[in-house]
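Participant: Structure: query_18.cif, mmCIF, N, CA and C atoms and all ligand atoms.
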data_structure
loop_
_atom_site.label_atom_id
_atom_site.label_comp_id
_atom_site.auth_asym_id
_atom_site.auth_seq_id
_atom_site.Cartn_x
_atom_site.Cartn_y
_atom_site.Cartn_z
N MET X 1 -2.20 -9.63 -9.18
CA MET X 1 -2.46 -9.37 -7.77
C MET X 1 -3.65 -8.44 -7.60
N TRP X 2 -3.66 -7.39 -8.40
CA TRP X 2 -4.76 -6.41 -8.37
C TRP X 2 -6.09 -7.12 -8.56
N GLU X 3 -6.11 -7.97 -9.62
CA GLU X 3 -7.38 -8.60 -10.00
C GLU X 3 -7.89 -9.60 -8.97
N THR X 4 -7.02 -10.11 -8.11
CA THR X 4 -7.50 -11.06 -7.10
C THR X 4 -8.39 -10.37 -6.07
N VAL X 5 -8.26 -9.05 -5.93
CA VAL X 5 -9.08 -8.37 -4.90
C VAL X 5 -9.90 -7.20 -5.42
N TRP X 6 -9.50 -6.58 -6.52
CA TRP X 6 -10.19 -5.34 -6.93
C TRP X 6 -10.82 -5.36 -8.32
N GLY X 7 -10.87 -6.50 -8.99
CA GLY X 7 -11.44 -6.52 -10.34
C GLY X 7 -10.43 -6.06 -11.37
N GLN X 8 -10.94 -5.44 -12.45
CA GLN X 8 -10.07 -5.16 -13.60
C GLN X 8 -8.88 -4.26 -13.24
N ALA X 9 -7.70 -4.73 -13.62
CA ALA X 9 -6.46 -4.00 -13.29
C ALA X 9 -6.23 -2.86 -14.27
N PRO X 10 -5.43 -1.85 -13.89
CA PRO X 10 -5.04 -0.82 -14.83
C PRO X 10 -4.19 -1.44 -15.96
N SER X 11 -3.97 -0.68 -17.02
CA SER X 11 -3.22 -1.22 -18.16
C SER X 11 -1.78 -1.55 -17.76
N LEU X 12 -1.16 -2.44 -18.53
CA LEU X 12 0.22 -2.82 -18.29
C LEU X 12 1.13 -1.61 -18.44
N GLU X 13 0.81 -0.76 -19.40
CA GLU X 13 1.62 0.44 -19.66
C GLU X 13 1.62 1.36 -18.42
N GLN X 14 0.43 1.58 -17.87
CA GLN X 14 0.31 2.43 -16.66
C GLN X 14 1.02 1.78 -15.48
N THR X 15 0.82 0.47 -15.35
CA THR X 15 1.40 -0.25 -14.20
C THR X 15 2.92 -0.22 -14.25
N LYS X 16 3.47 -0.40 -15.46
CA LYS X 16 4.93 -0.41 -15.63
C LYS X 16 5.51 0.96 -15.24
N LEU X 17 4.86 2.01 -15.72
CA LEU X 17 5.31 3.37 -15.40
C LEU X 17 5.27 3.61 -13.88
N ALA X 18 4.16 3.16 -13.26
CA ALA X 18 4.00 3.34 -11.82
C ALA X 18 5.08 2.57 -11.05
N MET X 19 5.34 1.34 -11.47
CA MET X 19 6.33 0.52 -10.76
C MET X 19 7.73 1.11 -10.89
N GLU X 20 8.03 1.63 -12.08
CA GLU X 20 9.36 2.21 -12.30
C GLU X 20 9.61 3.42 -11.39
N HIS X 21 8.53 4.10 -11.00
CA HIS X 21 8.69 5.30 -10.18
C HIS X 21 8.30 5.10 -8.73
N THR X 22 8.09 3.85 -8.36
CA THR X 22 7.78 3.53 -6.96
C THR X 22 9.08 3.56 -6.15
N LEU X 23 9.01 4.15 -4.99
CA LEU X 23 10.22 4.28 -4.18
C LEU X 23 10.65 2.94 -3.58
N PHE X 24 9.67 2.20 -3.04
CA PHE X 24 10.00 0.94 -2.35
C PHE X 24 8.85 -0.05 -2.53
N ARG X 25 9.20 -1.28 -2.88
CA ARG X 25 8.19 -2.32 -3.09
C ARG X 25 8.50 -3.55 -2.27
N VAL X 26 7.46 -4.20 -1.81
CA VAL X 26 7.64 -5.48 -1.12
C VAL X 26 6.77 -6.51 -1.83
N SER X 27 7.34 -7.67 -2.13
CA SER X 27 6.56 -8.76 -2.71
C SER X 27 6.82 -10.01 -1.89
N VAL X 28 5.78 -10.82 -1.73
CA VAL X 28 5.93 -12.09 -1.00
C VAL X 28 5.58 -13.22 -1.95
N PHE X 29 6.42 -14.26 -1.96
CA PHE X 29 6.21 -15.39 -2.86
C PHE X 29 5.99 -16.68 -2.07
N ASP X 30 5.14 -17.54 -2.61
CA ASP X 30 5.03 -18.91 -2.15
C ASP X 30 5.59 -19.75 -3.30
N GLY X 31 6.83 -20.20 -3.19
CA GLY X 31 7.50 -20.81 -4.34
C GLY X 31 7.70 -19.75 -5.40
N ASP X 32 7.21 -20.00 -6.62
CA ASP X 32 7.36 -18.98 -7.66
C ASP X 32 6.07 -18.19 -7.88
N LYS X 33 5.11 -18.35 -6.97
CA LYS X 33 3.83 -17.64 -7.12
C LYS X 33 3.80 -16.41 -6.20
N ILE X 34 3.52 -15.26 -6.78
CA ILE X 34 3.43 -14.06 -5.94
C ILE X 34 2.11 -14.09 -5.16
N ILE X 35 2.19 -13.87 -3.86
CA ILE X 35 0.98 -13.99 -3.03
C ILE X 35 0.63 -12.69 -2.32
N ALA X 36 1.55 -11.72 -2.31
CA ALA X 36 1.25 -10.46 -1.63
C ALA X 36 2.20 -9.38 -2.13
N MET X 37 1.72 -8.15 -2.10
CA MET X 37 2.59 -7.03 -2.47
C MET X 37 2.13 -5.75 -1.79
N ALA X 38 3.03 -4.81 -1.71
CA ALA X 38 2.70 -3.45 -1.24
C ALA X 38 3.77 -2.53 -1.80
N ARG X 39 3.43 -1.29 -1.97
CA ARG X 39 4.44 -0.36 -2.47
C ARG X 39 4.26 1.00 -1.81
N MET X 40 5.32 1.80 -1.91
CA MET X 40 5.30 3.08 -1.21
C MET X 40 5.95 4.15 -2.08
N LEU X 41 5.27 5.28 -2.16
CA LEU X 41 5.80 6.46 -2.85
C LEU X 41 6.33 7.38 -1.76
N GLY X 42 7.24 8.27 -2.12
CA GLY X 42 7.68 9.19 -1.08
C GLY X 42 8.92 9.95 -1.40
N ASP X 43 9.22 10.88 -0.49
CA ASP X 43 10.40 11.74 -0.69
C ASP X 43 11.47 11.48 0.38
N MET X 44 11.21 10.57 1.27
CA MET X 44 12.13 10.11 2.33
C MET X 44 12.40 11.14 3.43
N GLY X 45 12.07 12.41 3.18
CA GLY X 45 12.34 13.42 4.20
C GLY X 45 11.10 13.80 5.00
N LEU X 46 9.98 13.99 4.27
CA LEU X 46 8.79 14.52 4.93
C LEU X 46 7.54 13.65 4.74
N ASP X 47 7.40 13.00 3.60
CA ASP X 47 6.14 12.31 3.29
C ASP X 47 6.31 10.98 2.58
N TYR X 48 5.47 10.05 3.00
CA TYR X 48 5.35 8.77 2.28
C TYR X 48 3.87 8.52 2.01
N TYR X 49 3.61 7.73 0.97
CA TYR X 49 2.24 7.34 0.66
C TYR X 49 2.22 5.84 0.32
N ILE X 50 1.45 5.10 1.08
CA ILE X 50 1.37 3.65 0.88
C ILE X 50 0.28 3.32 -0.14
N LYS X 51 0.60 2.45 -1.09
CA LYS X 51 -0.34 2.09 -2.15
C LYS X 51 -0.39 0.58 -2.34
N ASP X 52 -1.54 0.12 -2.83
CA ASP X 52 -1.68 -1.25 -3.36
C ASP X 52 -1.17 -2.33 -2.42
N VAL X 53 -1.72 -2.33 -1.23
CA VAL X 53 -1.43 -3.40 -0.26
C VAL X 53 -2.39 -4.56 -0.56
N VAL X 54 -1.86 -5.65 -1.04
CA VAL X 54 -2.72 -6.77 -1.44
C VAL X 54 -2.13 -8.10 -0.97
N VAL X 55 -2.99 -8.88 -0.33
CA VAL X 55 -2.65 -10.28 -0.01
C VAL X 55 -3.70 -11.13 -0.73
N ARG X 56 -3.26 -12.10 -1.50
CA ARG X 56 -4.23 -12.97 -2.19
C ARG X 56 -5.23 -13.52 -1.18
N PRO X 57 -6.53 -13.52 -1.53
CA PRO X 57 -7.56 -13.92 -0.56
C PRO X 57 -7.25 -15.21 0.19
N GLU X 58 -6.73 -16.21 -0.51
CA GLU X 58 -6.51 -17.50 0.16
C GLU X 58 -5.33 -17.47 1.13
N TYR X 59 -4.55 -16.37 1.12
CA TYR X 59 -3.42 -16.24 2.04
C TYR X 59 -3.68 -15.20 3.13
N GLN X 60 -4.86 -14.61 3.12
CA GLN X 60 -5.17 -13.57 4.12
C GLN X 60 -5.36 -14.20 5.50
N GLY X 61 -5.19 -13.37 6.53
CA GLY X 61 -5.41 -13.84 7.90
C GLY X 61 -4.27 -14.66 8.46
N ARG X 62 -3.09 -14.59 7.82
CA ARG X 62 -1.94 -15.38 8.30
C ARG X 62 -0.77 -14.48 8.69
N GLY X 63 -1.01 -13.19 8.83
CA GLY X 63 0.06 -12.30 9.26
C GLY X 63 0.88 -11.70 8.12
N ILE X 64 0.49 -11.98 6.88
CA ILE X 64 1.29 -11.48 5.74
C ILE X 64 1.08 -9.97 5.55
N GLY X 65 -0.15 -9.51 5.73
CA GLY X 65 -0.42 -8.07 5.62
C GLY X 65 0.39 -7.29 6.65
N ARG X 66 0.44 -7.82 7.85
CA ARG X 66 1.24 -7.18 8.92
C ARG X 66 2.71 -7.11 8.52
N MET X 67 3.20 -8.20 7.92
CA MET X 67 4.59 -8.25 7.49
C MET X 67 4.86 -7.17 6.42
N LEU X 68 3.92 -7.00 5.50
CA LEU X 68 4.09 -5.99 4.44
C LEU X 68 4.22 -4.59 5.04
N ILE X 69 3.29 -4.25 5.93
CA ILE X 69 3.30 -2.89 6.50
C ILE X 69 4.55 -2.70 7.36
N ASN X 70 4.93 -3.73 8.11
CA ASN X 70 6.15 -3.60 8.91
C ASN X 70 7.39 -3.38 8.04
N GLU X 71 7.43 -4.04 6.88
CA GLU X 71 8.57 -3.84 5.96
C GLU X 71 8.58 -2.40 5.45
N LEU X 72 7.40 -1.87 5.10
CA LEU X 72 7.35 -0.48 4.59
C LEU X 72 7.80 0.48 5.70
N LEU X 73 7.36 0.23 6.91
CA LEU X 73 7.74 1.14 8.01
C LEU X 73 9.23 0.99 8.36
N SER X 74 9.78 -0.20 8.15
CA SER X 74 11.22 -0.38 8.37
C SER X 74 12.01 0.45 7.37
N PHE X 75 11.48 0.53 6.14
CA PHE X 75 12.15 1.35 5.12
C PHE X 75 12.19 2.81 5.58
N VAL X 76 11.09 3.28 6.16
CA VAL X 76 11.04 4.66 6.66
C VAL X 76 12.10 4.85 7.75
N ASP X 77 12.17 3.88 8.66
CA ASP X 77 13.17 3.96 9.74
C ASP X 77 14.60 3.97 9.19
N SER X 78 14.82 3.16 8.17
CA SER X 78 16.19 3.02 7.65
C SER X 78 16.63 4.23 6.84
N ASN X 79 15.67 4.99 6.31
CA ASN X 79 16.04 6.06 5.38
C ASN X 79 15.72 7.47 5.84
N GLY X 80 14.94 7.60 6.92
CA GLY X 80 14.61 8.93 7.41
C GLY X 80 15.69 9.47 8.34
N ILE X 81 15.53 10.73 8.71
CA ILE X 81 16.48 11.33 9.65
C ILE X 81 16.01 10.98 11.06
N SER X 82 16.84 10.27 11.76
CA SER X 82 16.46 9.75 13.08
C SER X 82 15.93 10.85 14.00
N GLY X 83 14.80 10.57 14.63
CA GLY X 83 14.22 11.51 15.60
C GLY X 83 13.25 12.50 14.99
N THR X 84 13.20 12.62 13.65
CA THR X 84 12.26 13.56 13.02
C THR X 84 10.92 12.88 12.76
N GLY X 85 9.88 13.68 12.50
CA GLY X 85 8.55 13.14 12.19
C GLY X 85 8.34 13.12 10.68
N ILE X 86 7.77 12.02 10.20
CA ILE X 86 7.48 11.90 8.76
C ILE X 86 6.03 11.44 8.61
N PHE X 87 5.25 12.11 7.75
CA PHE X 87 3.89 11.67 7.50
C PHE X 87 3.90 10.41 6.65
N VAL X 88 3.14 9.40 7.08
CA VAL X 88 2.92 8.21 6.27
C VAL X 88 1.41 8.13 6.06
N GLU X 89 0.99 8.26 4.80
CA GLU X 89 -0.44 8.36 4.51
C GLU X 89 -0.91 7.21 3.63
N LEU X 90 -2.20 6.99 3.61
CA LEU X 90 -2.80 6.02 2.69
C LEU X 90 -4.30 6.24 2.67
N CYS X 91 -4.94 5.64 1.66
CA CYS X 91 -6.40 5.61 1.59
C CYS X 91 -6.84 4.18 1.84
N ALA X 92 -7.87 3.99 2.63
CA ALA X 92 -8.32 2.62 2.91
C ALA X 92 -9.84 2.54 2.82
N GLU X 93 -10.32 1.38 2.35
CA GLU X 93 -11.74 1.09 2.42
C GLU X 93 -12.13 1.08 3.90
N PRO X 94 -13.38 1.51 4.21
CA PRO X 94 -13.77 1.57 5.63
C PRO X 94 -13.53 0.27 6.40
N ASP X 95 -13.76 -0.87 5.75
CA ASP X 95 -13.59 -2.13 6.50
C ASP X 95 -12.13 -2.52 6.71
N LYS X 96 -11.20 -1.77 6.09
CA LYS X 96 -9.77 -2.06 6.29
C LYS X 96 -9.14 -1.10 7.31
N ILE X 97 -9.91 -0.13 7.76
CA ILE X 97 -9.35 0.86 8.70
C ILE X 97 -8.84 0.20 9.99
N PRO X 98 -9.59 -0.75 10.58
CA PRO X 98 -9.08 -1.37 11.81
C PRO X 98 -7.73 -2.08 11.62
N PHE X 99 -7.51 -2.62 10.40
CA PHE X 99 -6.21 -3.25 10.11
C PHE X 99 -5.10 -2.21 10.24
N TYR X 100 -5.28 -1.04 9.62
CA TYR X 100 -4.23 -0.01 9.64
C TYR X 100 -4.08 0.64 11.02
N GLU X 101 -5.19 0.70 11.76
CA GLU X 101 -5.11 1.30 13.11
C GLU X 101 -4.14 0.51 14.00
N LYS X 102 -3.99 -0.77 13.71
CA LYS X 102 -3.08 -1.58 14.51
C LYS X 102 -1.63 -1.11 14.44
N PHE X 103 -1.31 -0.37 13.36
CA PHE X 103 0.07 0.11 13.18
C PHE X 103 0.23 1.56 13.63
N GLY X 104 -0.87 2.17 14.09
CA GLY X 104 -0.79 3.56 14.56
C GLY X 104 -1.42 4.57 13.61
N PHE X 105 -1.96 4.09 12.46
CA PHE X 105 -2.64 5.04 11.57
C PHE X 105 -3.92 5.51 12.24
N ASP X 106 -4.24 6.79 11.96
CA ASP X 106 -5.37 7.42 12.61
C ASP X 106 -6.34 7.93 11.54
N PHE X 107 -7.57 7.46 11.54
CA PHE X 107 -8.54 7.86 10.53
C PHE X 107 -8.94 9.33 10.73
N ASN X 108 -8.91 10.09 9.63
CA ASN X 108 -9.31 11.49 9.71
C ASN X 108 -10.03 11.88 8.43
N GLU X 109 -11.34 11.87 8.48
CA GLU X 109 -12.16 12.09 7.29
C GLU X 109 -11.87 13.44 6.63
N GLU X 110 -11.60 14.45 7.43
CA GLU X 110 -11.42 15.80 6.89
C GLU X 110 -10.23 15.89 5.94
N GLN X 111 -9.27 14.98 6.09
CA GLN X 111 -8.07 15.07 5.24
C GLN X 111 -8.16 14.22 3.99
N ARG X 112 -9.29 13.54 3.80
CA ARG X 112 -9.37 12.61 2.67
C ARG X 112 -9.88 13.31 1.41
N LEU X 113 -8.98 13.79 0.58
CA LEU X 113 -9.33 14.39 -0.70
C LEU X 113 -8.73 13.54 -1.79
N LYS X 114 -9.53 13.22 -2.81
CA LYS X 114 -9.04 12.33 -3.84
C LYS X 114 -9.86 12.54 -5.11
N MET X 115 -9.25 12.45 -6.28
CA MET X 115 -10.02 12.42 -7.52
C MET X 115 -9.32 11.54 -8.54
N MET X 116 -10.10 11.03 -9.51
CA MET X 116 -9.51 10.30 -10.62
C MET X 116 -9.31 11.34 -11.72
N TYR X 117 -8.11 11.88 -11.79
CA TYR X 117 -7.80 12.95 -12.76
C TYR X 117 -7.61 12.34 -14.13
N ARG X 118 -8.23 12.92 -15.15
CA ARG X 118 -8.08 12.43 -16.52
C ARG X 118 -6.87 13.10 -17.16
N VAL X 119 -5.89 12.35 -17.55
CA VAL X 119 -4.65 12.89 -18.12
C VAL X 119 -4.94 13.45 -19.51
N ARG X 120 -4.53 14.70 -19.76
CA ARG X 120 -4.79 15.32 -21.07
C ARG X 120 -3.77 14.88 -22.11
C1 LIG L 201 -6.09 -5.77 4.24
C2 LIG L 201 -5.16 -6.94 4.00
C3 LIG L 201 -3.89 -6.44 3.31
C4 LIG L 201 -4.79 -7.59 5.35
O1 LIG L 201 -3.85 -8.63 5.12
P1 LIG L 201 -3.82 -9.97 5.99
O2 LIG L 201 -2.64 -10.75 5.58
O3 LIG L 201 -5.14 -10.65 5.90
O4 LIG L 201 -3.65 -9.35 7.45
P2 LIG L 201 -2.89 -10.04 8.69
O5 LIG L 201 -3.23 -11.48 8.73
O6 LIG L 201 -1.44 -9.69 8.63
O7 LIG L 201 -3.57 -9.27 9.90
C5 LIG L 201 -2.85 -8.47 10.80
C6 LIG L 201 -3.79 -8.06 11.89
O8 LIG L 201 -4.83 -7.23 11.34
C7 LIG L 201 -6.10 -7.81 11.58
N1 LIG L 201 -6.94 -7.55 10.40
C8 LIG L 201 -6.68 -7.90 9.13
N2 LIG L 201 -7.66 -7.45 8.31
C9 LIG L 201 -8.53 -6.80 9.13
C10 LIG L 201 -9.76 -6.12 8.90
N3 LIG L 201 -10.27 -5.99 7.65
N4 LIG L 201 -10.40 -5.57 9.96
C11 LIG L 201 -9.89 -5.68 11.21
N5 LIG L 201 -8.72 -6.32 11.48
C12 LIG L 201 -8.06 -6.87 10.45
C13 LIG L 201 -5.84 -9.29 11.82
O9 LIG L 201 -6.86 -9.88 12.59
C14 LIG L 201 -4.52 -9.23 12.55
O10 LIG L 201 -4.75 -8.86 13.89
P3 LIG L 201 -3.79 -9.41 15.09
O11 LIG L 201 -2.36 -9.25 14.62
O12 LIG L 201 -4.15 -8.58 16.24
O13 LIG L 201 -4.13 -10.85 15.22
C15 LIG L 201 -5.86 -8.05 3.15
O14 LIG L 201 -7.09 -8.36 3.75
C16 LIG L 201 -6.10 -7.67 1.70
O15 LIG L 201 -5.23 -7.80 0.84
N6 LIG L 201 -7.34 -7.25 1.40
C17 LIG L 201 -7.74 -6.94 0.03
C18 LIG L 201 -7.02 -5.76 -0.55
C19 LIG L 201 -7.21 -4.51 0.29
O16 LIG L 201 -8.31 -4.11 0.55
N7 LIG L 201 -6.07 -3.92 0.68
C20 LIG L 201 -6.05 -2.75 1.47
C21 LIG L 201 -6.02 -1.55 0.62
S1 LIG L 201 -6.62 -0.17 1.49
#
Using structure tokens, write down the structure that the file contains.

Facilitator:
Amino acid sequence: MWETVWGQAPSLEQTKLAMEHTLFRVSVFDGDKIIAMARMLGDMGLDYYIKDVVVRPEYQGRGIGRMLINELLSFVDSNGISGTGIFVELCAEPDKIPFYEKFGFDFNEEQRLKMMYRVR
């Protein structure tokens, strides 16, 4: 899935570790072929972080991305304390920002800090 949109994928070892520690994952299949995925990290009380939202190029523009984000937000609704506020964050390429704005995400450049940390 990664390689259909972003080029070379991380190693299988890294991916397996990441998947095992992911809080919630959504996958969409067309028959036995995976066509979309998204995952979410988080603590369920205060913060969530959305990662790796991917729809295979040939399936884009059909409402599948919307379905993925709605599923992730449903998980927040089902598991958070009703009536409280929870941060849901993500990083997006500039051309994907309008997609996320449709769900209520608000772009804020000042809060975007990120690095590729080299594990010792
Ligand atoms: C971004 C992505 C997940 C969107 O998935 P999708 O299935 O094509 O999106 P949908 O068809 O569900 O679109 C939902 C709505 O967002 C809009 N939309 C989708 N991509 C958009 C974009 N790049 N800019 C503006 N609007 C966009 C659609 O027009 C649609 O609007 P509507 O409901 O008002 O008609 C998909 O393009 C993708 O996988 N891209 C490559 C990977 C990537 O960059 N992922 C995001 C990581 S930050």

Participant: Considering only C-alpha atoms and all ligand atoms, tabulate each residue of chain X that lies at most 8 Å from ligand LIG 201 (chain L) along with its nearest interatomic pair and the corresponding distance in Å to one decimal; arrange the rows by chain and ascending residue number and present them as a tab-separated table.

Facilitator:
residue	atom	partner	partner_atom	distance
X:Val5	CA	L:LIG201	C17	5.3
X:Trp6	CA	L:LIG201	C18	7.1
X:Ala36	CA	L:LIG201	O15	7.4
X:Lys51	CA	L:LIG201	C21	7.3
X:Asp52	CA	L:LIG201	C21	5.9
X:Val53	CA	L:LIG201	N7	4.8
X:Val54	CA	L:LIG201	O15	3.5
X:Val55	CA	L:LIG201	O15	3.7
X:Arg56	CA	L:LIG201	O15	6.1
X:Pro57	CA	L:LIG201	O15	6.7
X:Tyr59	CA	L:LIG201	O2	6.6
X:Gln60	CA	L:LIG201	O3	3.4
X:Gly61	CA	L:LIG201	O5	3.3
X:Arg62	CA	L:LIG201	O5	4.1
X:Gly63	CA	L:LIG201	O6	3.1
X:Ile64	CA	L:LIG201	O2	4.0
X:Gly65	CA	L:LIG201	O2	3.5
X:Arg66	CA	L:LIG201	O6	3.7
X:Met67	CA	L:LIG201	O6	6.3
X:Leu68	CA	L:LIG201	O6	7.9
X:Leu90	CA	L:LIG201	S1	7.4
X:Cys91	CA	L:LIG201	S1	5.8
X:Ala92	CA	L:LIG201	S1	3.6
X:Glu93	CA	L:LIG201	S1	5.4
X:Asp95	CA	L:LIG201	N3	5.2
X:Lys96	CA	L:LIG201	N3	4.2
X:Ile97	CA	L:LIG201	N4	6.6
X:Pro98	CA	L:LIG201	C11	4.4
X:Phe99	CA	L:LIG201	C12	4.1
X:Tyr100	CA	L:LIG201	O8	7.4
X:Lys102	CA	L:LIG201	O8	6.7

Participant: I need the residues from that last selection saved to file as a compact mmCIF listing (two decimals), in the coordinates of the input (with N, CA and C atoms), if you can.

Facilitator:
# COMPACT_ATOMS: atom_id res chain seq x y z
N VAL X 5 -8.26 -9.05 -5.93
CA VAL X 5 -9.08 -8.37 -4.90
C VAL X 5 -9.90 -7.20 -5.42
N TRP X 6 -9.50 -6.58 -6.52
CA TRP X 6 -10.19 -5.34 -6.93
C TRP X 6 -10.82 -5.36 -8.32
N ALA X 36 1.55 -11.72 -2.31
CA ALA X 36 1.25 -10.46 -1.63
C ALA X 36 2.20 -9.38 -2.13
N LYS X 51 0.60 2.45 -1.09
CA LYS X 51 -0.34 2.09 -2.15
C LYS X 51 -0.39 0.58 -2.34
N ASP X 52 -1.54 0.12 -2.83
CA ASP X 52 -1.68 -1.25 -3.36
C ASP X 52 -1.17 -2.33 -2.42
N VAL X 53 -1.72 -2.33 -1.23
CA VAL X 53 -1.43 -3.40 -0.26
C VAL X 53 -2.39 -4.56 -0.56
N VAL X 54 -1.86 -5.65 -1.04
CA VAL X 54 -2.72 -6.77 -1.44
C VAL X 54 -2.13 -8.10 -0.97
N VAL X 55 -2.99 -8.88 -0.33
CA VAL X 55 -2.65 -10.28 -0.01
C VAL X 55 -3.70 -11.13 -0.73
N ARG X 56 -3.26 -12.10 -1.50
CA ARG X 56 -4.23 -12.97 -2.19
C ARG X 56 -5.23 -13.52 -1.18
N PRO X 57 -6.53 -13.52 -1.53
CA PRO X 57 -7.56 -13.92 -0.56
C PRO X 57 -7.25 -15.21 0.19
N TYR X 59 -4.55 -16.37 1.12
CA TYR X 59 -3.42 -16.24 2.04
C TYR X 59 -3.68 -15.20 3.13
N GLN X 60 -4.86 -14.61 3.12
CA GLN X 60 -5.17 -13.57 4.12
C GLN X 60 -5.36 -14.20 5.50
N GLY X 61 -5.19 -13.37 6.53
CA GLY X 61 -5.41 -13.84 7.90
C GLY X 61 -4.27 -14.66 8.46
N ARG X 62 -3.09 -14.59 7.82
CA ARG X 62 -1.94 -15.38 8.30
C ARG X 62 -0.77 -14.48 8.69
N GLY X 63 -1.01 -13.19 8.83
CA GLY X 63 0.06 -12.30 9.26
C GLY X 63 0.88 -11.70 8.12
N ILE X 64 0.49 -11.98 6.88
CA ILE X 64 1.29 -11.48 5.74
C ILE X 64 1.08 -9.97 5.55
N GLY X 65 -0.15 -9.51 5.73
CA GLY X 65 -0.42 -8.07 5.62
C GLY X 65 0.39 -7.29 6.65
N ARG X 66 0.44 -7.82 7.85
CA ARG X 66 1.24 -7.18 8.92
C ARG X 66 2.71 -7.11 8.52
N MET X 67 3.20 -8.20 7.92
CA MET X 67 4.59 -8.25 7.49
C MET X 67 4.86 -7.17 6.42
N LEU X 68 3.92 -7.00 5.50
CA LEU X 68 4.09 -5.99 4.44
C LEU X 68 4.22 -4.59 5.04
N LEU X 90 -2.20 6.99 3.61
CA LEU X 90 -2.80 6.02 2.69
C LEU X 90 -4.30 6.24 2.67
N CYS X 91 -4.94 5.64 1.66
CA CYS X 91 -6.40 5.61 1.59
C CYS X 91 -6.84 4.18 1.84
N ALA X 92 -7.87 3.99 2.63
CA ALA X 92 -8.32 2.62 2.91
C ALA X 92 -9.84 2.54 2.82
N GLU X 93 -10.32 1.38 2.35
CA GLU X 93 -11.74 1.09 2.42
C GLU X 93 -12.13 1.08 3.90
N ASP X 95 -13.76 -0.87 5.75
CA ASP X 95 -13.59 -2.13 6.50
C ASP X 95 -12.13 -2.52 6.71
N LYS X 96 -11.20 -1.77 6.09
CA LYS X 96 -9.77 -2.06 6.29
C LYS X 96 -9.14 -1.10 7.31
N ILE X 97 -9.91 -0.13 7.76
CA ILE X 97 -9.35 0.86 8.70
C ILE X 97 -8.84 0.20 9.99
N PRO X 98 -9.59 -0.75 10.58
CA PRO X 98 -9.08 -1.37 11.81
C PRO X 98 -7.73 -2.08 11.62
N PHE X 99 -7.51 -2.62 10.40
CA PHE X 99 -6.21 -3.25 10.11
C PHE X 99 -5.10 -2.21 10.24
N TYR X 100 -5.28 -1.04 9.62
CA TYR X 100 -4.23 -0.01 9.64
C TYR X 100 -4.08 0.64 11.02
N LYS X 102 -3.99 -0.77 13.71
CA LYS X 102 -3.08 -1.58 14.51
C LYS X 102 -1.63 -1.11 14.44

Participant: Just checking: using all atoms listed in the file, which residue out of X:Asp47, X:Ala38, X:Gly7, X:Asp77 ends up closest to Val26 in chain X?

Facilitator: X:Ala38

Participant: Interatomic distance between CA of Met116 in chain X and CA of Met1 in chain X?

Facilitator: 21.1 Å

Participant: Between atom N of Val119 in chain X and CA of Met19 in chain X, what is the distance in Å, rounded to a tenth?

Facilitator: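 Between atom N of Val119 in chain X and CA of Met19 in chain X the gap is 18.3 Å.
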
Participant: Measuring between only N, CA and C atoms, which one of X:Glu101, X:Leu46, X:Leu12, X:Arg39 shows the shortest distance to Ile81 in chain X?

Facilitator: X:Leu46

Participant: So how many Å separate atom N of Asn108 in chain X and atom C of Val88 in chain X, to one decimal?

Facilitator: 11.1 Å

Participant: Quick one: DSSP strand (DSSP E) residues in chain X, as a list in words?

Facilitator: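 DSSP-assigned strand (DSSP E) residues in chain X: Phe24, Arg25, Val26, Ser27, Val28, Phe29, Asp30, Lys33, Ile34, Ile35, Ala36, Met37, Ala38, Arg39, Met40, Leu41, Gly42, Asp47, Tyr48, Tyr49, Ile50, Lys51, Asp52, Val53, Val54, Val55, Phe87, Val88 and Glu89 of chain X.
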
Participant: If we count only N, CA and C atoms and set the cut-off at 8 Å, which residues sit around Arg25 in chain X, ignoring sequence neighbours fewer than 5 positions away in its own chain? Please answer as a PyMOL selection string.

Facilitator: chain X and resi 37-41+71-72

Participant: Would you output that residue set with N, CA and C atoms, as a CSV table (one decimal), in the coordinates of the input?

Facilitator:
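part_3.csv, freshly written:
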chain,number,residue,atom,x,y,z
X,37,MET,N,1.7,-8.2,-2.1
X,37,MET,CA,2.6,-7.0,-2.5
X,37,MET,C,2.1,-5.8,-1.8
X,38,ALA,N,3.0,-4.8,-1.7
X,38,ALA,CA,2.7,-3.4,-1.2
X,38,ALA,C,3.8,-2.5,-1.8
X,39,ARG,N,3.4,-1.3,-2.0
X,39,ARG,CA,4.4,-0.4,-2.5
X,39,ARG,C,4.3,1.0,-1.8
X,40,MET,N,5.3,1.8,-1.9
X,40,MET,CA,5.3,3.1,-1.2
X,40,MET,C,6.0,4.2,-2.1
X,41,LEU,N,5.3,5.3,-2.2
X,41,LEU,CA,5.8,6.5,-2.8
X,41,LEU,C,6.3,7.4,-1.8
X,71,GLU,N,7.4,-4.0,6.9
X,71,GLU,CA,8.6,-3.8,6.0
X,71,GLU,C,8.6,-2.4,5.4
X,72,LEU,N,7.4,-1.9,5.1
X,72,LEU,CA,7.4,-0.5,4.6
X,72,LEU,C,7.8,0.5,5.7

Participant: Just asking: which residues within range 53-116 of chain X are helix (DSSP H, G or I) according to DSSP, as number ranges by chain?

Facilitator: X: 57-59, 64-79, 94-101, 109-111
